[in-house]
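Heads up, coords31.cif below (mmCIF, C-alpha atoms and all ligand atoms):
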```cif
data_model
#
loop_
_atom_site.label_atom_id
_atom_site.label_comp_id
_atom_site.auth_asym_id
_atom_site.auth_seq_id
_atom_site.Cartn_x
_atom_site.Cartn_y
_atom_site.Cartn_z
CA MET K 1 13.52 -9.39 0.83
CA ALA K 2 10.56 -11.34 -0.58
CA ALA K 3 8.32 -9.60 -3.12
CA LEU K 4 4.82 -9.17 -1.68
CA ILE K 5 1.73 -8.69 -3.86
CA ASN K 6 -1.18 -6.81 -2.32
CA PRO K 7 -4.19 -6.54 -4.67
CA SER K 8 -6.29 -3.41 -4.18
CA ILE K 9 -9.96 -4.19 -3.64
CA LEU K 10 -10.79 -0.76 -5.06
CA SER K 11 -10.99 -2.65 -8.37
CA ALA K 12 -13.10 -5.49 -6.90
CA ASP K 13 -16.89 -5.71 -7.09
CA PHE K 14 -18.12 -3.80 -4.02
CA ALA K 15 -21.31 -5.88 -4.03
CA ASN K 16 -19.23 -9.07 -3.79
CA LEU K 17 -16.26 -8.21 -1.62
CA GLU K 18 -16.15 -11.51 0.28
CA ARG K 19 -16.15 -13.43 -3.00
CA ASP K 20 -13.50 -11.15 -4.48
CA LEU K 21 -11.28 -11.48 -1.39
CA GLY K 22 -11.59 -15.25 -1.84
CA ALA K 23 -10.27 -14.84 -5.39
CA ILE K 24 -6.95 -13.45 -4.07
CA ALA K 25 -6.25 -16.00 -1.34
CA ASN K 26 -2.69 -16.44 -2.70
CA ALA K 27 -1.93 -12.73 -2.17
CA ASP K 28 0.20 -11.50 0.71
CA TYR K 29 -2.27 -8.85 1.93
CA ALA K 30 -5.50 -7.33 0.62
CA HIS K 31 -5.01 -3.58 0.08
CA VAL K 32 -7.99 -1.50 1.23
CA ASP K 33 -8.21 2.12 0.03
CA VAL K 34 -10.05 4.38 2.47
CA MET K 35 -10.89 7.81 0.99
CA ASP K 36 -12.79 10.67 2.63
CA ASN K 37 -13.47 13.09 -0.28
CA HIS K 38 -11.27 15.68 1.49
CA PHE K 39 -7.71 14.40 1.26
CA VAL K 40 -8.60 13.01 -2.18
CA PRO K 41 -11.57 13.71 -4.48
CA ASN K 42 -13.21 10.32 -3.97
CA LEU K 43 -15.16 8.53 -1.25
CA THR K 44 -14.89 4.78 -0.71
CA LEU K 45 -15.44 2.85 2.48
CA GLY K 46 -14.98 3.26 6.21
CA LEU K 47 -14.44 1.61 9.53
CA PRO K 48 -17.51 -0.66 9.88
CA LEU K 49 -16.86 -2.23 6.49
CA VAL K 50 -13.14 -2.72 7.18
CA GLU K 51 -13.99 -4.38 10.48
CA ARG K 52 -16.23 -6.88 8.71
CA LEU K 53 -13.77 -7.48 5.84
CA ALA K 54 -11.05 -8.29 8.40
CA GLN K 55 -13.30 -11.07 9.70
CA VAL K 56 -13.92 -12.72 6.32
CA SER K 57 -10.68 -12.08 4.41
CA PRO K 58 -8.39 -15.09 3.79
CA VAL K 59 -5.39 -12.73 3.87
CA PRO K 60 -4.50 -9.89 6.27
CA LEU K 61 -5.67 -6.37 5.45
CA ASP K 62 -3.29 -3.60 4.37
CA VAL K 63 -5.30 -0.39 4.92
CA HIS K 64 -4.27 2.73 2.97
CA LEU K 65 -5.84 5.80 4.54
CA MET K 66 -6.29 8.70 2.13
CA ILE K 67 -8.03 10.85 4.71
CA GLU K 68 -7.58 14.08 6.61
CA ASP K 69 -6.91 13.81 10.34
CA PRO K 70 -5.45 10.29 10.41
CA ASP K 71 -4.31 11.09 13.96
CA ARG K 72 -7.98 10.82 14.93
CA TRP K 73 -9.05 7.89 12.72
CA ALA K 74 -6.13 5.56 12.04
CA PRO K 75 -5.99 3.77 15.42
CA GLY K 76 -9.59 2.62 14.92
CA PHE K 77 -8.54 0.69 11.82
CA ALA K 78 -5.88 -1.15 13.83
CA GLU K 79 -8.53 -1.95 16.44
CA ALA K 80 -10.84 -3.13 13.66
CA GLY K 81 -8.32 -5.84 12.77
CA ALA K 82 -6.18 -4.33 9.99
CA ALA K 83 -2.73 -5.92 10.03
CA SER K 84 -1.15 -2.83 8.50
CA VAL K 85 -2.35 0.78 8.65
CA THR K 86 -0.75 3.42 6.40
CA PHE K 87 -1.43 7.14 6.79
CA HIS K 88 -0.25 10.04 4.62
CA ALA K 89 2.67 12.18 5.74
CA GLU K 90 0.92 15.21 4.22
CA ALA K 91 -2.10 14.72 6.47
CA ALA K 92 -0.69 13.64 9.85
CA GLN K 93 -0.21 16.19 12.62
CA ALA K 94 1.96 14.00 14.85
CA PRO K 95 3.28 11.12 12.73
CA VAL K 96 5.64 9.69 15.36
CA ARG K 97 2.96 9.58 18.01
CA LEU K 98 0.52 8.03 15.54
CA ALA K 99 2.98 5.37 14.31
CA ARG K 100 3.75 4.41 17.90
CA GLU K 101 0.05 4.15 18.69
CA LEU K 102 -0.58 1.88 15.68
CA ARG K 103 2.27 -0.40 16.69
CA ARG K 104 1.07 -0.46 20.29
CA LEU K 105 -2.28 -1.69 18.95
CA GLY K 106 -0.50 -4.53 17.15
CA ALA K 107 -0.60 -3.22 13.57
CA ARG K 108 2.28 -2.51 11.24
CA ALA K 109 2.57 1.26 10.74
CA GLY K 110 3.00 2.75 7.27
CA LEU K 111 3.87 6.27 6.12
CA ALA K 112 2.65 7.28 2.64
CA LEU K 113 3.90 9.98 0.28
CA ARG K 114 2.05 11.51 -2.67
CA PRO K 115 3.99 11.38 -5.96
CA ALA K 116 5.20 14.99 -5.56
CA THR K 117 6.17 14.72 -1.88
CA PRO K 118 9.92 14.25 -1.46
CA VAL K 119 11.18 11.56 0.88
CA GLU K 120 14.08 13.55 2.32
CA PRO K 121 12.12 15.53 4.98
CA PHE K 122 10.81 12.22 6.34
CA LEU K 123 13.99 10.15 6.52
CA ASP K 124 14.28 10.58 10.29
CA LEU K 125 10.76 9.16 10.67
CA LEU K 126 11.60 5.87 8.98
CA ALA K 127 12.90 4.33 12.20
CA GLU K 128 9.37 4.74 13.60
CA VAL K 129 7.51 2.88 10.84
CA ASP K 130 7.37 -0.59 9.28
CA MET K 131 6.66 0.54 5.74
CA LEU K 132 7.08 3.53 3.44
CA LEU K 133 4.40 3.79 0.73
CA VAL K 134 5.50 5.66 -2.37
CA MET K 135 2.43 6.62 -4.42
CA THR K 136 3.13 6.22 -8.11
CA VAL K 137 -0.15 7.80 -9.25
CA GLU K 138 -2.05 10.72 -7.74
CA PRO K 139 -4.09 9.11 -4.96
CA GLY K 140 -7.84 8.91 -5.47
CA PHE K 141 -8.57 6.43 -8.25
CA GLY K 142 -7.56 3.05 -9.63
CA GLY K 143 -6.61 2.40 -13.24
CA GLN K 144 -4.24 5.37 -13.75
CA SER K 145 -0.87 5.13 -15.49
CA PHE K 146 2.32 4.68 -13.52
CA ILE K 147 4.34 7.91 -13.07
CA ASP K 148 7.91 7.04 -14.10
CA GLY K 149 9.27 10.14 -12.38
CA THR K 150 8.72 8.46 -9.00
CA LEU K 151 11.37 5.76 -9.64
CA PRO K 152 14.32 7.87 -8.41
CA LYS K 153 12.45 8.51 -5.15
CA ILE K 154 11.96 4.77 -4.63
CA ARG K 155 15.67 4.28 -5.22
CA ARG K 156 16.64 7.08 -2.80
CA ALA K 157 14.26 5.76 -0.15
CA ARG K 158 15.63 2.22 -0.42
CA ALA K 159 19.21 3.50 -0.22
CA ALA K 160 18.45 5.62 2.86
CA ILE K 161 16.76 2.69 4.57
CA ALA K 162 19.76 0.46 3.84
CA ASP K 163 22.23 3.15 5.00
CA ALA K 164 20.34 3.50 8.27
CA GLY K 165 20.33 -0.29 8.75
CA LEU K 166 16.53 -0.33 9.03
CA ASP K 167 14.11 -3.13 8.15
CA VAL K 168 11.44 -0.97 6.50
CA TRP K 169 9.34 -2.27 3.61
CA VAL K 170 8.97 -0.05 0.55
CA GLN K 171 5.49 -0.31 -0.96
CA VAL K 172 4.53 1.05 -4.36
CA ASP K 173 0.90 1.82 -5.22
CA GLY K 174 -0.52 2.94 -8.55
CA GLY K 175 -0.13 1.64 -12.08
CA VAL K 176 1.62 -1.59 -11.07
CA SER K 177 1.30 -4.21 -13.83
CA ARG K 178 3.33 -6.80 -15.73
CA GLN K 179 4.62 -3.87 -17.81
CA THR K 180 5.94 -1.82 -14.87
CA ILE K 181 6.67 -4.17 -11.95
CA GLU K 182 10.22 -5.13 -12.95
CA ARG K 183 11.38 -1.49 -13.09
CA ILE K 184 9.78 -0.87 -9.71
CA ALA K 185 11.36 -3.94 -8.12
CA ASP K 186 14.72 -2.99 -9.59
CA ALA K 187 14.40 0.44 -7.95
CA GLY K 188 14.07 -1.21 -4.54
CA ALA K 189 10.38 -1.71 -3.75
CA ASN K 190 9.39 -5.01 -2.13
CA VAL K 191 5.61 -4.58 -1.68
CA PHE K 192 3.46 -4.11 -4.78
CA VAL K 193 -0.14 -2.95 -4.77
CA ALA K 194 -2.06 -3.79 -7.93
CA GLY K 195 -5.76 -3.12 -8.38
CA SER K 196 -6.85 -3.05 -12.00
CA ALA K 197 -4.05 -5.41 -13.10
CA VAL K 198 -5.23 -8.14 -10.69
CA TYR K 199 -9.00 -7.70 -10.77
CA GLY K 200 -9.04 -6.95 -14.49
CA ALA K 201 -7.29 -10.25 -15.24
CA ASP K 202 -9.19 -13.40 -16.27
CA SER K 203 -7.63 -15.13 -13.27
CA PRO K 204 -6.70 -12.79 -10.38
CA ALA K 205 -4.82 -15.62 -8.65
CA ALA K 206 -2.72 -16.38 -11.73
CA GLU K 207 -1.99 -12.66 -12.16
CA ILE K 208 -0.74 -12.46 -8.57
CA ASP K 209 1.65 -15.36 -9.19
CA ALA K 210 2.86 -13.79 -12.45
CA LEU K 211 3.47 -10.40 -10.83
CA ARG K 212 5.28 -12.00 -7.88
CA ALA K 213 7.53 -14.00 -10.21
CA LEU K 214 8.44 -10.92 -12.28
CA ALA K 215 9.18 -8.83 -9.18
CA THR K 216 11.25 -11.57 -7.57
CA SER K 217 13.44 -12.06 -10.63
CA ALA K 218 13.93 -8.31 -11.07
CA GLN K 219 14.99 -8.02 -7.40
CA HIS K 220 17.57 -10.73 -7.95
CA VAL K 221 19.25 -8.69 -10.69
CA HIS K 222 21.28 -6.98 -7.92
O1 LIG K 301 -4.49 4.08 -3.52
C1 LIG K 301 -4.83 3.84 -4.65
C2 LIG K 301 -5.43 4.92 -5.50
O2 LIG K 301 -5.45 6.08 -4.78
C3 LIG K 301 -4.55 2.53 -5.20
O3 LIG K 301 -4.43 1.53 -4.21
C4 LIG K 301 -5.31 2.05 -6.42
O4 LIG K 301 -6.41 1.26 -6.10
C5 LIG K 301 -4.38 1.28 -7.33
O5 LIG K 301 -5.06 0.91 -8.48
P1 LIG K 301 -4.28 0.49 -9.81
O6 LIG K 301 -3.44 1.68 -10.24
O7 LIG K 301 -3.41 -0.68 -9.46
O8 LIG K 301 -5.37 0.15 -10.75
FE FE K 302 -3.88 2.43 -2.23
#
```
Please rewrite the model in this file as structure tokens.
Amino acid sequence: MAALINPSILSADFANLERDLGAIANADYAHVDVMDNHFVPNLTLGLPLVERLAQVSPVPLDVHLMIEDPDRWAPGFAEAGAASVTFHAEAAQAPVRLARELRRLGARAGLALRPATPVEPFLDLLAEVDMLLVMTVEPGFGGQSFIDGTLPKIRRARAAIADAGLDVWVQVDGGVSRQTIERIADAGANVFVAGSAVYGADSPAAEIDALRALATSAQHVH
């Protein structure tokens, strides 16, 4: 499974988003963090902006919804042109119905877990989604340190996906950097979100290549 690098534009310059999307044209997706100040204590951007970013981005959008009532809002992001729409398991009322609706609209469907949410209650849902997002910081802000205690969950999720014979991507989001990405890849993740590591680098494009190379070689350890 190829290692995908999805820079988070939460660490980009919000006054220059088109320029900063252009700076990551060698990424696999651009990760877009949508926060509503209810599910998390921060407020970022919404549907009209995502719709416009989808039109100008050189790479597809990977939308991470940190919002209450995703059942109501998530399909709109698929309609706005997001290639992937991820909602939180803790917030969804009817996750199977929602995942099916996102796929019907042509998006990849993702299910996200906060660091303290175990994966086991959601294993039966994995057949309904394209990606599991394991948060490795408390959602809400960029630039936090990676929580090492989430690594066993990544490992258990990857094993369960393999046992079930599913083709589900495992995405990790929060504190991904050159210092942490090999451990995360070794645990079984194949999609890596990195905000501050990419946009804080002198060359975001070179940082993407470096992260991808580290993740790919760590995956090949197996
Ligand atoms: O969803 C979130 C934060 O809630 C992330 O996508 C962050 O934007 C990642 O930032 P870094 O930890 O890579 O700086
Ligand atoms: Fe995110």
query = Which one is closest to Leu132 in chain K: K:Ala94, K:Gly106, K:Ala185, K:Asn190? Count only C-alpha atoms.
reply = K:Asn190
inquiry  = 8 Å from ligand LIG 301 (chain K) is the threshold here; counting all atoms listed in the file, which polymer residues fall inside it? Answer as a ChimeraX atom specification.
reply    = /K:7-11,31-33,64,66,135,137-146,173-177,193-198
query = Which neighbours of Pro48 in chain K fall inside 10 Å, counting only C-alpha atoms, when residues of the same chain fewer than 5 positions from it are skipped, and could you give them as a ChimeraX atom specification?
reply = /K:53,76-77,80
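CA of Gln55 in chain K is positioned 25.2 Å from CA of Ala3 in chain K.
In terms of minimum interatomic distance to Arg156 in chain K, K:Ala187 ranks closest within K:Ala91, K:Leu17, K:Ala187, K:Ala127, counting only C-alpha atoms.
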note = Shortest contact to ligand FE 302 (chain K), candidates K:Ala74, K:Val59, K:Val172, K:Val96, atoms counted all atoms listed in the file, goes to K:Val172
Do you know which residues lie at most 7 Å from (-3.3, 11.7, 3.3), with coordinates as in the file and all atoms listed in the file counted, and could you write them as a PDB file with C-alpha atoms, in the frame of the given file?
```pdb
ATOM      1  CA  PHE K  39      -7.710  14.400   1.260  1.00  0.00           C
ATOM      2  CA  LEU K  65      -5.840   5.800   4.540  1.00  0.00           C
ATOM      3  CA  MET K  66      -6.290   8.700   2.130  1.00  0.00           C
ATOM      4  CA  ILE K  67      -8.030  10.850   4.710  1.00  0.00           C
ATOM      5  CA  GLU K  68      -7.580  14.080   6.610  1.00  0.00           C
ATOM      6  CA  PHE K  87      -1.430   7.140   6.790  1.00  0.00           C
ATOM      7  CA  HIS K  88      -0.250  10.040   4.620  1.00  0.00           C
ATOM      8  CA  ALA K  89       2.670  12.180   5.740  1.00  0.00           C
ATOM      9  CA  GLU K  90       0.920  15.210   4.220  1.00  0.00           C
ATOM     10  CA  ALA K  91      -2.100  14.720   6.470  1.00  0.00           C
TER      11      ALA K  91
END
```
message = Would you compute the distance between CA of Arg72 in chain K and CA of Arg97 in chain K? Give it in Å to one decimal.
response =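 These two atoms are separated by 11.4 Å.
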Using only C-alpha atoms and all ligand atoms: which of K:Leu211, K:Ala99, K:Leu47, K:Leu133 has the shortest distance to ligand FE 302 (chain K) = K:Leu133
